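The data block below is work25.pdb; it holds PDB, C-alpha atoms.
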```pdb
ATOM      1  CA  MET A   1       0.000   0.000   0.000
ATOM      2  CA  GLU A   2       2.677   2.541   1.031
ATOM      3  CA  ALA A   3       4.837   1.685  -1.987
ATOM      4  CA  ASN A   4       1.886   2.532  -4.253
ATOM      5  CA  ILE A   5       1.357   5.896  -2.523
ATOM      6  CA  ILE A   6       5.062   6.733  -2.737
ATOM      7  CA  TYR A   7       5.109   5.785  -6.431
ATOM      8  CA  ARG A   8       2.110   8.054  -7.063
ATOM      9  CA  ILE A   9       3.744  10.917  -5.144
ATOM     10  CA  ALA A  10       6.924  10.472  -7.186
ATOM     11  CA  LYS A  11       4.756  10.970 -10.284
ATOM     12  CA  GLY A  12       3.283  14.205  -8.824
ATOM     13  CA  ASP A  13      -0.074  12.910  -7.500
ATOM     14  CA  GLU A  14      -1.237  15.500  -4.930
ATOM     15  CA  LEU A  15      -4.068  13.297  -3.634
ATOM     16  CA  ALA A  16      -1.568  10.565  -2.786
ATOM     17  CA  PHE A  17       0.547  13.228  -1.070
ATOM     18  CA  ASP A  18      -2.482  14.227   1.045
ATOM     19  CA  VAL A  19      -2.870  10.597   2.156
ATOM     20  CA  PHE A  20       0.859  10.426   2.881
ATOM     21  CA  MET A  21       0.715  13.591   5.020
ATOM     22  CA  ASP A  22      -2.329  12.306   6.904
ATOM     23  CA  ASN A  23      -0.465   9.064   7.646
ATOM     24  CA  TYR A  24       2.708  10.700   8.965
ATOM     25  CA  SER A  25       1.782  14.163  10.261
ATOM     26  CA  SER A  26       0.772  13.167  13.803
ATOM     27  CA  ALA A  27       3.866  11.057  14.486
ATOM     28  CA  LEU A  28       6.195  13.666  12.992
ATOM     29  CA  TYR A  29       4.497  16.441  14.953
ATOM     30  CA  HIS A  30       4.972  14.600  18.259
ATOM     31  CA  TYR A  31       8.584  13.814  17.381
ATOM     32  CA  ALA A  32       9.297  17.449  16.442
ATOM     33  CA  TYR A  33       7.483  18.708  19.543
ATOM     34  CA  GLY A  34       9.687  16.478  21.686
ATOM     35  CA  ILE A  35      12.735  18.204  20.215
ATOM     36  CA  VAL A  36      11.610  21.849  20.033
ATOM     37  CA  GLY A  37       9.120  21.923  22.932
ATOM     38  CA  ASN A  38       6.812  24.405  21.208
ATOM     39  CA  LYS A  39       3.540  23.712  19.391
ATOM     40  CA  GLU A  40       3.886  26.357  16.655
ATOM     41  CA  THR A  41       7.522  25.558  15.987
ATOM     42  CA  ALA A  42       6.753  21.832  15.801
ATOM     43  CA  GLU A  43       3.986  22.542  13.269
ATOM     44  CA  GLU A  44       6.398  24.650  11.195
ATOM     45  CA  VAL A  45       9.015  21.898  11.316
ATOM     46  CA  VAL A  46       6.507  19.304  10.092
ATOM     47  CA  SER A  47       5.377  21.670   7.353
ATOM     48  CA  ASP A  48       9.016  22.089   6.306
ATOM     49  CA  VAL A  49       9.469  18.308   6.288
ATOM     50  CA  PHE A  50       6.490  17.774   3.995
ATOM     51  CA  PHE A  51       7.666  20.566   1.746
ATOM     52  CA  GLU A  52      11.044  18.795   1.563
ATOM     53  CA  VAL A  53       9.281  15.520   0.689
ATOM     54  CA  TRP A  54       7.380  17.193  -2.141
ATOM     55  CA  LYS A  55      10.492  18.927  -3.478
ATOM     56  CA  ASN A  56      12.335  15.575  -3.514
ATOM     57  CA  ARG A  57       9.387  13.465  -4.654
ATOM     58  CA  THR A  58      11.209  12.087  -7.708
ATOM     59  CA  ASN A  59      13.797  10.463  -5.414
ATOM     60  CA  LEU A  60      11.339   8.931  -2.932
ATOM     61  CA  LEU A  61      11.421   5.488  -4.553
ATOM     62  CA  GLU A  62      15.121   5.191  -3.664
ATOM     63  CA  ILE A  63      14.440   5.490   0.086
ATOM     64  CA  GLU A  64      14.562   2.135   1.871
ATOM     65  CA  SER A  65      12.823   3.137   5.106
ATOM     66  CA  MET A  66      10.448   6.062   4.739
ATOM     67  CA  THR A  67       9.836   6.285   8.501
ATOM     68  CA  ALA A  68      13.553   6.460   9.294
ATOM     69  CA  TRP A  69      14.155   9.011   6.517
ATOM     70  CA  LEU A  70      11.266  11.210   7.689
ATOM     71  CA  ARG A  71      12.498  11.098  11.281
ATOM     72  CA  THR A  72      15.987  12.093  10.115
ATOM     73  CA  VAL A  73      14.654  15.017   8.069
ATOM     74  CA  THR A  74      12.427  16.060  10.985
ATOM     75  CA  TYR A  75      15.340  15.908  13.413
ATOM     76  CA  ARG A  76      17.563  18.001  11.145
ATOM     77  CA  LYS A  77      14.843  20.597  10.500
ATOM     78  CA  ALA A  78      14.051  20.808  14.231
ATOM     79  CA  ILE A  79      17.696  21.245  15.213
ATOM     80  CA  SER A  80      18.161  23.811  12.474
ATOM     81  CA  ARG A  81      15.126  25.716  13.752
ATOM     82  CA  LEU A  82      16.466  25.632  17.326
ATOM     83  CA  ARG A  83      19.872  26.896  16.185
ATOM     84  CA  HIS A  84      18.206  29.705  14.276
ATOM     85  CA  GLU A  85      16.147  30.682  17.323
ATOM     86  CA  MET A  86      19.251  30.639  19.525
ATOM     87  CA  THR A  87      21.066  33.083  17.234
ATOM     88  CA  GLU A  88      18.120  35.494  17.021
ATOM     89  CA  PRO A  89      18.457  38.402  19.428
ATOM     90  CA  GLN A  90      16.135  38.085  22.376
ATOM     91  CA  GLY A  91      14.359  41.341  23.087
ATOM     92  CA  LEU A  92      12.508  42.583  26.093
ATOM     93  CA  PRO A  93       8.723  42.103  25.841
ATOM     94  CA  LEU A  94       6.950  45.408  25.200
ATOM     95  CA  ASP A  95       4.616  44.968  28.163
ATOM     96  CA  GLU A  96       7.656  44.995  30.473
ATOM     97  CA  VAL A  97       8.858  48.394  29.274
ATOM     98  CA  GLU A  98       7.320  51.367  31.078
ATOM     99  CA  ASN A  99       6.120  54.379  29.095
ATOM    100  CA  PHE A 100       6.945  52.762  25.786
ATOM    101  CA  THR A 101       5.359  54.454  22.806
ATOM    102  CA  ILE A 102       5.644  53.880  19.120
ATOM    103  CA  ALA A 103       5.877  56.938  16.930
ATOM    104  CA  PRO A 104       3.247  57.083  14.186
ATOM    105  CA  VAL A 105       4.488  55.748  10.891
ATOM    106  CA  SER A 106       3.036  56.506   7.507
ATOM    107  CA  PRO A 107       1.458  53.411   5.967
ATOM    108  CA  PRO A 108       3.373  51.540   3.283
ATOM    109  CA  ASP A 109       1.532  52.461   0.131
ATOM    110  CA  ALA A 110       2.248  53.228  -3.499
ATOM    111  CA  GLU A 111       5.644  54.734  -2.788
ATOM    112  CA  ILE A 112       6.927  51.423  -1.411
ATOM    113  CA  ILE A 113       5.074  48.927  -3.572
ATOM    114  CA  SER A 114       4.529  50.072  -7.110
ATOM    115  CA  ARG A 115       1.469  49.176  -9.119
ATOM    116  CA  GLU A 116       3.697  47.103 -11.393
ATOM    117  CA  GLU A 117       4.968  45.062  -8.438
ATOM    118  CA  VAL A 118       1.413  44.449  -7.220
ATOM    119  CA  GLU A 119       0.385  43.289 -10.696
ATOM    120  CA  GLU A 120       3.437  41.026 -10.845
ATOM    121  CA  LEU A 121       2.550  39.520  -7.479
ATOM    122  CA  ASN A 122      -1.042  38.953  -8.622
ATOM    123  CA  ARG A 123       0.191  37.229 -11.805
ATOM    124  CA  ALA A 124       2.455  34.987  -9.721
ATOM    125  CA  ILE A 125      -0.459  34.083  -7.424
ATOM    126  CA  GLU A 126      -2.643  33.276 -10.438
ATOM    127  CA  GLN A 127      -0.003  30.802 -11.647
ATOM    128  CA  LEU A 128      -0.303  28.727  -8.457
ATOM    129  CA  PRO A 129      -2.223  25.446  -8.726
ATOM    130  CA  PRO A 130      -5.956  26.052  -8.036
ATOM    131  CA  LYS A 131      -6.137  24.282  -4.651
ATOM    132  CA  CYS A 132      -2.881  25.888  -3.521
ATOM    133  CA  ARG A 133      -4.121  29.337  -4.593
ATOM    134  CA  GLN A 134      -7.402  28.800  -2.716
ATOM    135  CA  VAL A 135      -5.612  27.788   0.499
ATOM    136  CA  PHE A 136      -3.136  30.668   0.113
ATOM    137  CA  PHE A 137      -5.940  33.229  -0.200
ATOM    138  CA  LEU A 138      -7.808  31.886   2.820
ATOM    139  CA  ALA A 139      -4.666  31.723   4.979
ATOM    140  CA  LYS A 140      -2.699  34.798   3.916
ATOM    141  CA  ILE A 141      -5.230  37.198   2.403
ATOM    142  CA  ASP A 142      -8.351  36.417   4.465
ATOM    143  CA  LYS A 143      -6.131  35.489   7.465
ATOM    144  CA  LEU A 144      -8.345  32.562   8.513
ATOM    145  CA  PRO A 145      -6.945  30.150  11.110
ATOM    146  CA  TYR A 146      -5.693  26.874   9.632
ATOM    147  CA  LYS A 147      -8.252  24.877  11.623
ATOM    148  CA  GLU A 148     -11.085  26.915  10.108
ATOM    149  CA  ILE A 149      -9.668  26.458   6.605
ATOM    150  CA  SER A 150      -9.426  22.740   7.355
ATOM    151  CA  LYS A 151     -13.148  22.623   8.138
ATOM    152  CA  ILE A 152     -14.142  24.749   5.141
ATOM    153  CA  LEU A 153     -12.104  22.812   2.560
ATOM    154  CA  GLU A 154     -12.300  19.439   4.342
ATOM    155  CA  ILE A 155      -8.526  18.936   4.224
ATOM    156  CA  SER A 156      -6.006  18.378   6.989
ATOM    157  CA  VAL A 157      -3.993  21.122   8.675
ATOM    158  CA  ALA A 158      -0.860  19.371   7.366
ATOM    159  CA  THR A 159      -2.155  19.786   3.819
ATOM    160  CA  ILE A 160      -2.815  23.466   4.495
ATOM    161  CA  ASN A 161       0.745  23.848   5.828
ATOM    162  CA  TYR A 162       2.072  22.218   2.672
ATOM    163  CA  HIS A 163       0.032  24.424   0.327
ATOM    164  CA  VAL A 164       0.979  27.640   2.137
ATOM    165  CA  GLY A 165       4.654  26.649   2.195
ATOM    166  CA  PHE A 166       4.580  25.714  -1.473
ATOM    167  CA  ALA A 167       2.840  28.993  -2.391
ATOM    168  CA  MET A 168       5.265  31.132  -0.389
ATOM    169  CA  GLU A 169       8.315  29.403  -1.867
ATOM    170  CA  SER A 170       6.896  29.610  -5.386
ATOM    171  CA  LEU A 171       6.072  33.308  -5.046
ATOM    172  CA  ARG A 172       9.469  34.029  -3.517
ATOM    173  CA  LYS A 173      11.252  32.355  -6.448
ATOM    174  CA  LYS A 174       9.160  34.098  -9.104
ATOM    175  CA  LEU A 175       9.544  37.517  -7.546
ATOM    176  CA  ARG A 176      13.309  37.109  -6.952
ATOM    177  CA  ARG A 177      13.864  36.458 -10.658
ATOM    178  CA  ARG A 178      12.442  39.882 -11.466
ATOM    179  CA  GLN A 179      14.673  41.860  -9.121
ATOM    180  CA  PRO A 180      17.763  43.536 -10.567
ATOM    181  CA  PRO A 181      21.102  42.116  -9.377
ATOM    182  CA  PRO A 182      22.706  43.962  -6.422
ATOM    183  CA  ASP A 183      25.382  46.530  -7.216
TER     184      ASP A 183
END
```
Would you mind giving the structure from this file in C-alpha cells?
Amino acid sequence: MEANIIYRIAKGDELAFDVFMDNYSSALYHYAYGIVGNKETAEEVVSDVFFEVWKNRTNLLEIESMTAWLRTVTYRKAISRLRHEMTEPQGLPLDEVENFTIAPVSPPDAEIISREEVEELNRAIEQLPPKCRQVFFLAKIDKLPYKEISKILEISVATINYHVGFAMESLRKKLRRRQPPPD
C-alpha cells in the first residue's frame, strides 16, 4: 500500500501526497514537539518536512525506510530551527517596558510597492495550482486560522501547511527572478 502511494507521489499525484501527510503528520508532529518543545515551531518543522518531501518526490522510490528518513529530516529541520532561534536576538517584551510608545508611521503604500509590483505579485499568485491558490488566499489574504480552513475545505492542517509553504516558496522564487542584481 505505502509503496503505491510513494510511487504516485513520485509521479506528482497530490491526492496521494495528502494521504501520505495524513499518515505521517501526527507522528512527525509529536517527534518534532519532543525536540523543540513548542507547538507552533513543531507545526512549522513538520510543514518544512512535507515541503522537503514534495520537493524531492522524484527520489522517494530510492528510500529504503520512509519512517527512518522522515524522522531524520524532521530531526535536522528541528535542530536547524532551534539553532536559528538561539542566534536570534532576544528582546525585552513590550509589556515589560514602562512608558513605551511607538511613533506614528506613515502606511506603506504606493511609494513602497509600485502598481507594477502588485500586478506582478497577482500574476504569480494566479499561476499557483488552483487548490494551492485557494488555500493561500484563505490563509494569507483572508487570514483565517488553519483549523477553520481545514473545516471549510475538508482537508487536513498538514495539507494546508504544505500548500501555504509551497505557495510562499513559489512566489518568492518568481519575484526574486524579477529583481535587478545587487550593485
I need the residue set behind the PyMOL selection byres ((chain A and resi 174) around 12) for this file; please write it as a ChimeraX atom specification. /A:117,120-128,167-173,175-179
Of the listed residues A:Asp22, A:Glu14, A:Glu119, A:Glu148, that which approaches Trp54 in chain A most closely, counting only C-alpha atoms: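 Comparing A:Asp22, A:Glu14, A:Glu119, A:Glu148 against Trp54 in chain A, the winner is A:Glu14.
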Which polymer residues have any atom within 8 Å of an atom of Ile5 in chain A, counting all atoms listed in the file, with same-chain residues fewer than 6 positions away left out, as a PyMOL selection string? chain A and resi 16-17+19-20
Output for the residues just chosen: C-alpha atoms as a PDB file, in the coordinates of the input:
```
ATOM      1  CA  ALA A  16      -1.568  10.565  -2.786  1.00  0.00           C
ATOM      2  CA  PHE A  17       0.547  13.228  -1.070  1.00  0.00           C
ATOM      3  CA  VAL A  19      -2.870  10.597   2.156  1.00  0.00           C
ATOM      4  CA  PHE A  20       0.859  10.426   2.881  1.00  0.00           C
TER       5      PHE A  20
END
```
Taking only C-alpha atoms into account, name the residue in A:Val73, A:Leu15, A:Ala78, A:Ala139 that is nearest to Ala32 in chain A.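 Comparing A:Val73, A:Leu15, A:Ala78, A:Ala139 against Ala32 in chain A, the winner is A:Ala78.
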Between CA of Asp18 in chain A and CA of Ile160 in chain A, measure the distance and give it in Å to one decimal.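 Interatomic distance here is 9.9 Å.
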Return the single residue from A:Met21, A:Thr67, A:Gly34, A:His163 that is closest to Pro130 in chain A, with distances computed using all atoms listed in the file. A:His163
Quote the spacing between CA of Ser150 in chain A and CA of Cys132 in chain A in Å to one decimal place.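 Spanning CA of Ser150 in chain A to CA of Cys132 in chain A is a straight-line distance of 13.1 Å.
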